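A.B. asks: One structure, as C-alpha cells, below. Some questions next.
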Amino acid sequence: MDPRQNLKVLNWVKLLGIYFLIIVALSIFYIAQDILTPFLVAFVFVYALNPLADKIESWGIKRVWAVATIFIGFTVLSGIVLGLGYESIKAELVLLKTQIPEYVERIKLNLLENAARLETIFTSMKKGMLRNIITQKFADLPTVIGEKIPYLISSLFALVTSALIVFFLTFFILKDGRKFRKSAIRVVPNQYFETVLSLLNEINLSVGSYVRGQLIDCTIVAVLSIIGLYLIGLKYAIIIGIICGITNIVPYLGPVMGMIPGIFIAFIEHNSPGMAVSVAAVMLGVQLIDNVVISPLAVGQSVDIHPISVIIAVTFGGALLGIWGTLLAVPIYCALKATFQILYKGIIEYGSWEKA
Amino acid sequence: MADTAKYFFSRLRRIFGVEKSEIVQILGKVPIFSDLNLVELNKIENITHEREYMDGERIFQEKEPGAGMYIIWSGSIKLLKRTDSREIEIATMYPGDFFGEIALLDEAPRSASAVAVGKTKILGFYRPDFLGLFKRDPRLGSKVLFQLSQIIAKRLRAATETASEGVGDGSKAKS
C-alpha cells in the first residue's frame, strides 16, 4: 500500500475510534441518567436564557448582575402570572378533582354496558364473568391508588430536589459557563484544538437556536390553543392549552399527543362528538398557523433535520429515557450530528493533507 | 519597607482588577489591540487560550480551515508554504508577533503552515470567541474589528502597489 492509502485508513480508524468513544460516553450517560438529567434540563434553560444575559451584559453590566437580574425578573414575572392566573387555574383544577370520581363512574358504566352487549353476541362466554371482572377492578381502584400514594409523595420530594438542583445549576452555568468551557478545552491536545473549539461552537449554535426557537414556538402554540379552545367553549381550556404547548416541543408526534386530552374532555365532559370535532379543528388550525407562520420564523432554517430522523430520534429517546427522552431527543440529535459532521470534515477531508 | 509598599500596591491593584497580567502586557503590544484600555484588555484575556508547543509541532496546516489568530508569547514560529515538491520557509516570527489574523474574519483555508521552533508558548484568539465578544460588548468588538481592517487595508495597499509596479512603470500607481 502506498503511504497516502495508509494515511487514509489510519484516518478512518481514528474517526471510528472517536465515534466509538462518543457511543461509550452516551452509554455511561444512559446508565447515570438519574444524576445527569438535571444537568441536561439546566442546559436547556441556559441555552434559552444565554442571549438575554449577553444582551444585558452588552449594556455594560457585569455578568453576575446580568444573570441575577434575569433570575429576579423571572421570579417576579412568574409571580405576577401565577397571581393573575391563579384563580382560573385553581378553579379548573378543583373542578377537575371533583369530576374525576364521576368520570371513573361514567367509564365504568360505559364498560359494563359494552360488556353486556359482548355477552349477548358471544353466547359461549360465561354469564357475568366480564362484568364481574370490571366491577372488581374498579372496586380495587381506590386501594391501588392508596398504595401508590407514598410513592407519589417520595417522587414529589425528588421533583422538588431536582427543581432546586436545576435552579442552581442554571444560575452557575449561565454565570461561569465560559470559564468552565475554557478550562475544559485546555486539556485538548494541540493537534485537535481548533477542531474541538469549532465543534463546541457549532454544537452551541445549533442546539441553542433549536431550543430557543422551540420555546418561543411552544409558548405561542399554547396561547393560540387556549384562545381557540376558550372560544369554542371547551372546559379546562387553559390546562389543555398548556398541555398542547408542552407536547408541541416533541416534533410531529407532539401535536397528536396534545390533541388526546382535549378530545377526551370533549367526549366525557361535553358528551358530544361535535365538540370533539371542533377541538380537533381548533388544534389543526393552530398547527396550520404554527407550521406556516410561527415555526419558520421562530425555529427557522437553522436546524436542518429530516422529519424521519426526527421521528426516529424521538422514538429512541422515548424508549431509552422516557418523557425526558422525547423532549431532549432532538437537541441531543443536533449536537451529535454537528459532532459527527465536523469530525468527518476535520479528520477525513482535511486530514489527508497531513504529512502527505 | 519598599518591598512592603510594593506588595501592598500590587495587592491593591489586584483587588481593583487593574493589575497588568503577563498576558495583558503581551496583548497590549499587538497592533489589533493597541487602542484598548486595561479593562478591555482584561476582557480579551478572558477569551484567549494559552497553548504550549514542542519543537517542530504544527500549530496549523496549510489548506486546513482556519479558526483564529495566534500571538507568540515565548519562543518562535516559522511559516512554511508548500510548493510543488517541498515546503519553503516564508517567515520567522518572535514574541509579540501575531499571525493567522485573517481567520478571524472567515473560514477560508490557511495560506501557510505554522511550525514551532523550540519550546513555544502562544496565545490563541479564535473566531467563535471573537463573535461572542461582539454580542456581549459591541463597542469593544468594533474597536478590535476596526484595527483589524486597518491592518488588512495597509497590507492590501502594499500588495496593490507591488502588483501595479510589476505591470507598468509604477509612476501612475503612486498617484
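Just so we're on the same page: first chain in the C-alpha cells is A, next is B, and so on; residues restart at 1 for each chain, and ligands are numbered from 1 in the order they show up.
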Skipping near chain neighbours, those fewer than 4 positions away, what residues fall within 12 Å of B:Leu36 using only C-alpha atoms, listed as a CSV table (one decimal) with C-alpha atoms, in the first residue's frame?
C.D. replies:
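Generated file (selection-v8.csv):
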```csv
chain,number,residue,atom,x,y,z
B,24,VAL,CA,-2.3,41.6,29.1
B,25,GLN,CA,1.1,43.0,28.7
B,27,LEU,CA,-1.8,41.7,24.2
B,28,GLY,CA,-1.3,45.4,24.6
B,29,LYS,CA,1.6,45.3,22.2
B,30,VAL,CA,-0.3,43.7,19.4
B,31,PRO,CA,-1.5,46.3,16.9
B,32,ILE,CA,-5.0,44.8,16.8
B,40,GLU,CA,-10.9,46.0,27.7
B,41,LEU,CA,-7.6,44.1,27.6
B,42,ASN,CA,-8.7,42.1,30.6
B,43,LYS,CA,-11.9,41.1,28.7
B,44,ILE,CA,-9.8,40.0,25.7
B,45,GLU,CA,-7.5,38.0,28.1
B,139,ARG,CA,-18.1,48.6,21.4
B,140,LEU,CA,-15.0,46.6,22.2
B,141,GLY,CA,-15.8,44.2,19.3
B,142,SER,CA,-15.9,47.0,16.8
B,143,LYS,CA,-12.7,48.6,18.1
B,144,VAL,CA,-10.9,45.3,17.5
B,145,LEU,CA,-12.5,44.9,14.1
B,146,PHE,CA,-11.6,48.4,13.1
B,147,GLN,CA,-7.9,47.8,13.9
```
A.B. asks: Within 12 Å of stretch 258-271 of chain A, counting only C-alpha atoms, which residues show up once you throw out same-chain ones fewer than 2 positions away? Write them as a PyMOL selection string, please.
C.D. replies: chain A and resi 95-96+99-100+102-107+110+218+221-222+225-226+228-230+232-256+273-287
A.B. asks: Set the cut-off to 7 Å and count only C-alpha atoms: what are the residues of chain A that reach chain B? Output as a ChimeraX atom specification.
C.D. replies: /A:54-55,57-58,194,201,350
A.B. asks: Output all heavy atoms of each residue in that selection to a file, as a short mmCIF file (atom, residue, chain, number, x, y, z; two decimals), in the first residue's frame.
C.D. replies:
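Listed below is the output, part_13.cif:
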```cif
data_model
loop_
_atom_site.label_atom_id
_atom_site.label_comp_id
_atom_site.auth_asym_id
_atom_site.auth_seq_id
_atom_site.Cartn_x
_atom_site.Cartn_y
_atom_site.Cartn_z
N ASP A 54 -26.42 37.83 27.57
CA ASP A 54 -25.47 38.55 26.71
C ASP A 54 -25.96 39.96 26.42
O ASP A 54 -25.19 40.92 26.42
CB ASP A 54 -25.29 37.80 25.38
CG ASP A 54 -24.41 36.58 25.55
OD1 ASP A 54 -23.86 36.41 26.66
OD2 ASP A 54 -24.29 35.80 24.60
N LYS A 55 -27.25 40.07 26.17
CA LYS A 55 -27.85 41.37 25.83
C LYS A 55 -27.68 42.34 27.01
O LYS A 55 -27.24 43.48 26.82
CB LYS A 55 -29.33 41.17 25.51
CG LYS A 55 -30.06 42.40 25.02
CD LYS A 55 -29.77 42.64 23.55
CE LYS A 55 -29.82 44.12 23.27
NZ LYS A 55 -29.26 44.48 21.98
N GLU A 57 -25.53 42.09 29.36
CA GLU A 57 -24.10 42.36 29.52
C GLU A 57 -23.63 43.41 28.54
O GLU A 57 -22.73 44.21 28.85
CB GLU A 57 -23.32 41.06 29.33
CG GLU A 57 -22.12 40.96 30.24
CD GLU A 57 -21.31 39.73 29.95
OE1 GLU A 57 -21.85 38.77 29.37
OE2 GLU A 57 -20.13 39.72 30.32
N SER A 58 -24.24 43.45 27.34
CA SER A 58 -23.81 44.42 26.34
C SER A 58 -24.16 45.84 26.74
O SER A 58 -23.68 46.81 26.14
CB SER A 58 -24.41 44.08 24.97
OG SER A 58 -25.75 44.49 24.91
N GLU A 194 -8.18 23.33 17.45
CA GLU A 194 -9.05 24.16 16.61
C GLU A 194 -10.33 23.42 16.26
O GLU A 194 -11.42 23.98 16.26
CB GLU A 194 -8.32 24.60 15.33
CG GLU A 194 -7.30 25.69 15.59
CD GLU A 194 -6.84 26.38 14.31
OE1 GLU A 194 -7.28 25.97 13.22
OE2 GLU A 194 -6.03 27.32 14.42
N ASN A 201 -18.44 25.23 19.34
CA ASN A 201 -19.17 26.39 18.88
C ASN A 201 -20.36 25.99 18.02
O ASN A 201 -21.47 26.51 18.16
CB ASN A 201 -18.22 27.28 18.09
CG ASN A 201 -18.90 28.55 17.67
OD1 ASN A 201 -19.47 29.24 18.50
ND2 ASN A 201 -18.88 28.82 16.39
N TYR A 350 -9.84 17.06 5.63
CA TYR A 350 -8.65 17.89 5.74
C TYR A 350 -7.45 17.11 6.23
O TYR A 350 -6.32 17.50 6.01
CB TYR A 350 -8.93 19.08 6.65
CG TYR A 350 -9.91 20.02 6.06
CD1 TYR A 350 -11.21 20.11 6.54
CD2 TYR A 350 -9.56 20.80 4.96
CE1 TYR A 350 -12.12 20.96 5.96
CE2 TYR A 350 -10.47 21.65 4.37
CZ TYR A 350 -11.75 21.74 4.88
OH TYR A 350 -12.65 22.57 4.31
#
```
A.B. asks: Which one of A:Ser27, A:Thr135, A:Thr143, A:Thr170 sits closest to A:Phe71 if you count only C-alpha atoms?
C.D. replies: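 Using only C-alpha atoms, A:Phe71 sits closest to A:Thr170.
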A.B. asks: Among chain B, which ones does DSSP place in alpha helix (DSSP H), written as a count of residues only?
C.D. replies: 71
A.B. asks: With only C-alpha atoms as the basis for distance, which of B:Ala163, B:Ile122, B:Ile90, B:Ala153 is at the shortest distance from B:Met69?
C.D. replies: B:Ile122
A.B. asks: As number ranges by chain, please: the residues near B:Gly118 (cut-off 8 Å, only C-alpha atoms, same-chain neighbours under 2 positions excluded).
C.D. replies: B: 54-56, 75-76, 116, 120
A.B. asks: With all heavy atoms kept, could you save the residues just selected as a compact mmCIF listing (two decimals), in the first residue's frame?
C.D. replies:
```txt
# COMPACT_ATOMS: atom_id res chain seq x y z
N MET B 54 5.71 21.97 21.39
CA MET B 54 7.08 21.46 21.43
C MET B 54 7.78 21.81 20.12
O MET B 54 7.13 22.20 19.15
CB MET B 54 7.09 19.93 21.61
CG MET B 54 6.33 19.42 22.82
SD MET B 54 6.81 20.24 24.32
CE MET B 54 8.43 19.53 24.57
N ASP B 55 9.08 21.64 20.09
CA ASP B 55 9.86 21.94 18.88
C ASP B 55 9.34 21.11 17.70
O ASP B 55 9.19 19.90 17.80
CB ASP B 55 11.33 21.61 19.15
CG ASP B 55 12.21 21.99 17.98
OD1 ASP B 55 11.86 22.97 17.29
OD2 ASP B 55 13.24 21.32 17.77
N GLY B 56 9.05 21.78 16.60
CA GLY B 56 8.63 21.07 15.39
C GLY B 56 7.14 20.75 15.33
O GLY B 56 6.65 20.25 14.32
N GLY B 75 9.33 31.92 22.64
CA GLY B 75 9.77 31.00 21.61
C GLY B 75 9.59 31.64 20.24
O GLY B 75 9.44 32.85 20.13
N SER B 76 9.61 30.83 19.20
CA SER B 76 9.38 31.40 17.86
C SER B 76 8.70 30.40 16.94
O SER B 76 8.61 29.21 17.24
CB SER B 76 10.71 31.88 17.25
OG SER B 76 11.56 30.77 17.11
N ALA B 116 6.31 25.30 15.26
CA ALA B 116 7.03 25.86 16.39
C ALA B 116 8.52 25.57 16.26
O ALA B 116 8.91 24.49 15.84
CB ALA B 116 6.50 25.27 17.69
N THR B 120 7.60 26.55 22.50
CA THR B 120 6.96 27.83 22.21
C THR B 120 5.62 27.94 22.91
O THR B 120 4.83 26.99 22.92
CB THR B 120 6.74 27.96 20.68
OG1 THR B 120 7.99 27.84 20.04
CG2 THR B 120 6.12 29.28 20.33
```
A.B. asks: When DSSP works through the backbone of this structure, what residues of stretch 18-149 of chain B end up as strand (DSSP E or B), shown as a CSV table (one decimal) with N, CA, C and O atoms, in the first residue's frame?
C.D. replies:
```csv
chain,number,residue,atom,x,y,z
B,49,HIS,N,-6.8,31.7,24.6
B,49,HIS,CA,-6.4,30.4,25.2
B,49,HIS,C,-4.9,30.3,25.1
B,49,HIS,O,-4.3,30.6,24.1
B,50,GLU,N,-4.3,29.9,26.2
B,50,GLU,CA,-2.8,29.7,26.2
B,50,GLU,C,-2.5,28.3,25.7
B,50,GLU,O,-3.1,27.3,26.2
B,51,ARG,N,-1.6,28.2,24.8
B,51,ARG,CA,-1.2,26.9,24.2
B,51,ARG,C,0.3,26.7,24.3
B,51,ARG,O,1.0,27.7,24.1
B,52,GLU,N,0.8,25.5,24.5
B,52,GLU,CA,2.2,25.3,24.5
B,52,GLU,C,2.6,24.2,23.5
B,52,GLU,O,1.9,23.2,23.3
B,53,TYR,N,3.6,24.5,22.7
B,53,TYR,CA,4.0,23.6,21.6
B,53,TYR,C,5.4,23.2,21.8
B,53,TYR,O,6.3,24.0,22.2
B,58,ARG,N,3.2,21.3,14.8
B,58,ARG,CA,2.5,22.1,13.9
B,58,ARG,C,1.4,22.9,14.7
B,58,ARG,O,0.6,22.2,15.4
B,59,ILE,N,1.2,24.2,14.4
B,59,ILE,CA,0.1,24.9,15.0
B,59,ILE,C,-1.1,24.8,14.1
B,59,ILE,O,-2.2,24.6,14.6
B,60,PHE,N,-0.8,25.1,12.9
B,60,PHE,CA,-1.9,24.7,11.9
B,60,PHE,C,-1.3,24.3,10.6
B,60,PHE,O,-0.1,24.5,10.4
B,65,PRO,N,-9.1,24.6,7.2
B,65,PRO,CA,-9.8,25.8,7.6
B,65,PRO,C,-9.3,26.4,8.8
B,65,PRO,O,-9.0,25.7,9.8
B,68,GLY,N,-8.7,30.9,13.9
B,68,GLY,CA,-8.4,32.1,14.6
B,68,GLY,C,-6.9,32.5,14.5
B,68,GLY,O,-6.2,31.9,13.8
B,69,MET,N,-6.5,33.6,15.2
B,69,MET,CA,-5.2,34.1,15.1
B,69,MET,C,-4.4,33.7,16.4
B,69,MET,O,-4.9,33.4,17.4
B,70,TYR,N,-3.1,33.8,16.2
B,70,TYR,CA,-2.2,33.4,17.3
B,70,TYR,C,-1.2,34.5,17.6
B,70,TYR,O,-0.7,35.2,16.7
B,71,ILE,N,-0.8,34.7,18.9
B,71,ILE,CA,0.2,35.7,19.3
B,71,ILE,C,1.3,35.0,20.0
B,71,ILE,O,1.0,34.2,20.9
B,72,ILE,N,2.5,35.2,19.6
B,72,ILE,CA,3.6,34.5,20.2
B,72,ILE,C,3.9,35.1,21.6
B,72,ILE,O,4.1,36.3,21.8
B,73,TRP,N,4.0,34.2,22.6
B,73,TRP,CA,4.3,34.6,24.0
B,73,TRP,C,5.8,34.5,24.2
B,73,TRP,O,6.5,35.4,24.6
B,74,SER,N,6.2,33.2,24.0
B,74,SER,CA,7.7,33.0,24.1
B,74,SER,C,8.1,32.0,23.0
B,74,SER,O,7.2,31.2,22.5
B,75,GLY,N,9.3,31.9,22.6
B,75,GLY,CA,9.8,31.0,21.6
B,75,GLY,C,9.6,31.6,20.2
B,75,GLY,O,9.4,32.8,20.1
B,76,SER,N,9.6,30.8,19.2
B,76,SER,CA,9.4,31.4,17.9
B,76,SER,C,8.7,30.4,16.9
B,76,SER,O,8.6,29.2,17.2
B,77,ILE,N,8.2,30.9,15.8
B,77,ILE,CA,7.4,30.2,14.9
B,77,ILE,C,7.9,30.4,13.5
B,77,ILE,O,8.4,31.5,13.2
B,78,LYS,N,8.0,29.4,12.7
B,78,LYS,CA,8.2,29.7,11.3
B,78,LYS,C,7.0,29.3,10.4
B,78,LYS,O,6.3,28.3,10.7
B,79,LEU,N,6.8,30.1,9.4
B,79,LEU,CA,5.7,29.9,8.5
B,79,LEU,C,6.2,29.2,7.2
B,79,LEU,O,7.2,29.6,6.6
B,80,LEU,N,5.6,28.1,6.8
B,80,LEU,CA,6.0,27.3,5.7
B,80,LEU,C,4.9,27.3,4.6
B,80,LEU,O,3.8,27.2,4.9
B,81,LYS,N,5.4,27.4,3.4
B,81,LYS,CA,4.4,27.3,2.3
B,81,LYS,C,4.8,26.2,1.3
B,81,LYS,O,6.0,26.0,1.0
B,82,ARG,N,3.9,25.4,0.9
B,82,ARG,CA,4.2,24.2,0.1
B,82,ARG,C,4.3,24.7,-1.4
B,82,ARG,O,3.4,25.3,-1.9
B,87,GLU,N,8.4,22.2,1.1
B,87,GLU,CA,7.9,23.3,1.8
B,87,GLU,C,9.0,24.4,1.9
B,87,GLU,O,10.2,24.0,2.3
B,88,ILE,N,8.7,25.6,1.6
B,88,ILE,CA,9.7,26.6,1.8
B,88,ILE,C,9.3,27.6,2.9
B,88,ILE,O,8.1,27.8,3.1
B,89,GLU,N,10.3,28.1,3.6
B,89,GLU,CA,10.1,28.9,4.7
B,89,GLU,C,9.8,30.3,4.2
B,89,GLU,O,10.6,30.9,3.5
B,90,ILE,N,8.7,30.9,4.6
B,90,ILE,CA,8.4,32.3,4.1
B,90,ILE,C,8.6,33.3,5.2
B,90,ILE,O,8.8,34.5,4.9
B,91,ALA,N,8.6,33.0,6.5
B,91,ALA,CA,8.8,34.0,7.5
B,91,ALA,C,9.1,33.3,8.9
B,91,ALA,O,8.7,32.2,9.1
B,92,THR,N,9.8,34.0,9.7
B,92,THR,CA,10.0,33.5,11.1
B,92,THR,C,9.5,34.6,12.0
B,92,THR,O,9.6,35.8,11.8
B,93,MET,N,8.8,34.2,13.1
B,93,MET,CA,8.2,35.2,14.0
B,93,MET,C,8.6,35.0,15.4
B,93,MET,O,8.9,33.9,15.8
B,98,PHE,N,2.2,38.4,15.6
B,98,PHE,CA,1.0,37.6,15.5
B,98,PHE,C,0.8,37.1,14.1
B,98,PHE,O,1.4,37.7,13.2
B,99,PHE,N,0.0,36.1,13.9
B,99,PHE,CA,-0.2,35.5,12.6
B,99,PHE,C,-1.6,34.8,12.5
B,99,PHE,O,-2.1,34.5,13.6
B,109,PRO,N,-9.3,28.5,3.9
B,109,PRO,CA,-8.2,27.6,4.2
B,109,PRO,C,-6.9,28.5,4.5
B,109,PRO,O,-6.8,29.5,3.9
B,113,SER,N,1.5,26.9,6.5
B,113,SER,CA,1.6,26.1,7.7
B,113,SER,C,2.4,26.9,8.8
B,113,SER,O,3.4,27.6,8.4
B,114,ALA,N,2.1,26.7,10.1
B,114,ALA,CA,2.9,27.3,11.1
B,114,ALA,C,3.5,26.2,12.0
B,114,ALA,O,2.8,25.3,12.4
B,115,VAL,N,4.9,26.2,12.2
B,115,VAL,CA,5.6,25.2,12.9
B,115,VAL,C,6.4,25.9,14.1
B,115,VAL,O,7.0,26.9,13.8
B,116,ALA,N,6.3,25.3,15.3
B,116,ALA,CA,7.0,25.9,16.4
B,116,ALA,C,8.5,25.6,16.3
B,116,ALA,O,8.9,24.5,15.8
B,117,VAL,N,9.3,26.6,16.6
B,117,VAL,CA,10.8,26.4,16.6
B,117,VAL,C,11.2,26.4,18.1
B,117,VAL,O,11.1,27.5,18.7
B,118,GLY,N,11.6,25.3,18.7
B,118,GLY,CA,11.9,25.3,20.1
B,118,GLY,C,10.6,25.2,20.9
B,118,GLY,O,9.5,25.2,20.3
B,119,LYS,N,10.7,25.2,22.2
B,119,LYS,CA,9.5,25.2,23.0
B,119,LYS,C,8.9,26.5,22.9
B,119,LYS,O,9.5,27.6,23.2
B,120,THR,N,7.6,26.6,22.5
B,120,THR,CA,7.0,27.8,22.2
B,120,THR,C,5.6,27.9,22.9
B,120,THR,O,4.8,27.0,22.9
B,121,LYS,N,5.4,29.1,23.5
B,121,LYS,CA,4.1,29.4,24.1
B,121,LYS,C,3.4,30.4,23.3
B,121,LYS,O,3.9,31.5,22.9
B,122,ILE,N,2.1,30.1,22.9
B,122,ILE,CA,1.4,31.1,22.1
B,122,ILE,C,0.0,31.3,22.7
B,122,ILE,O,-0.5,30.5,23.5
B,123,LEU,N,-0.6,32.5,22.4
B,123,LEU,CA,-2.0,32.8,22.8
B,123,LEU,C,-2.9,32.6,21.6
B,123,LEU,O,-2.6,33.2,20.5
B,124,GLY,N,-3.9,31.9,21.7
B,124,GLY,CA,-4.9,31.7,20.6
B,124,GLY,C,-6.1,32.6,20.8
B,124,GLY,O,-6.6,32.7,22.0
B,125,PHE,N,-6.5,33.3,19.8
B,125,PHE,CA,-7.7,34.2,19.8
B,125,PHE,C,-8.6,33.8,18.7
B,125,PHE,O,-8.2,33.9,17.5
B,126,TYR,N,-9.7,33.1,19.0
B,126,TYR,CA,-10.4,32.4,18.0
B,126,TYR,C,-11.7,33.1,17.6
B,126,TYR,O,-12.3,33.8,18.3
```
A.B. asks: Give the answer as one residue: which of B:Lys20, B:Ile26, B:Thr162, B:Leu148 has the shortest atom-to-atom distance to B:Val39, using only C-alpha atoms?
C.D. replies: B:Lys20
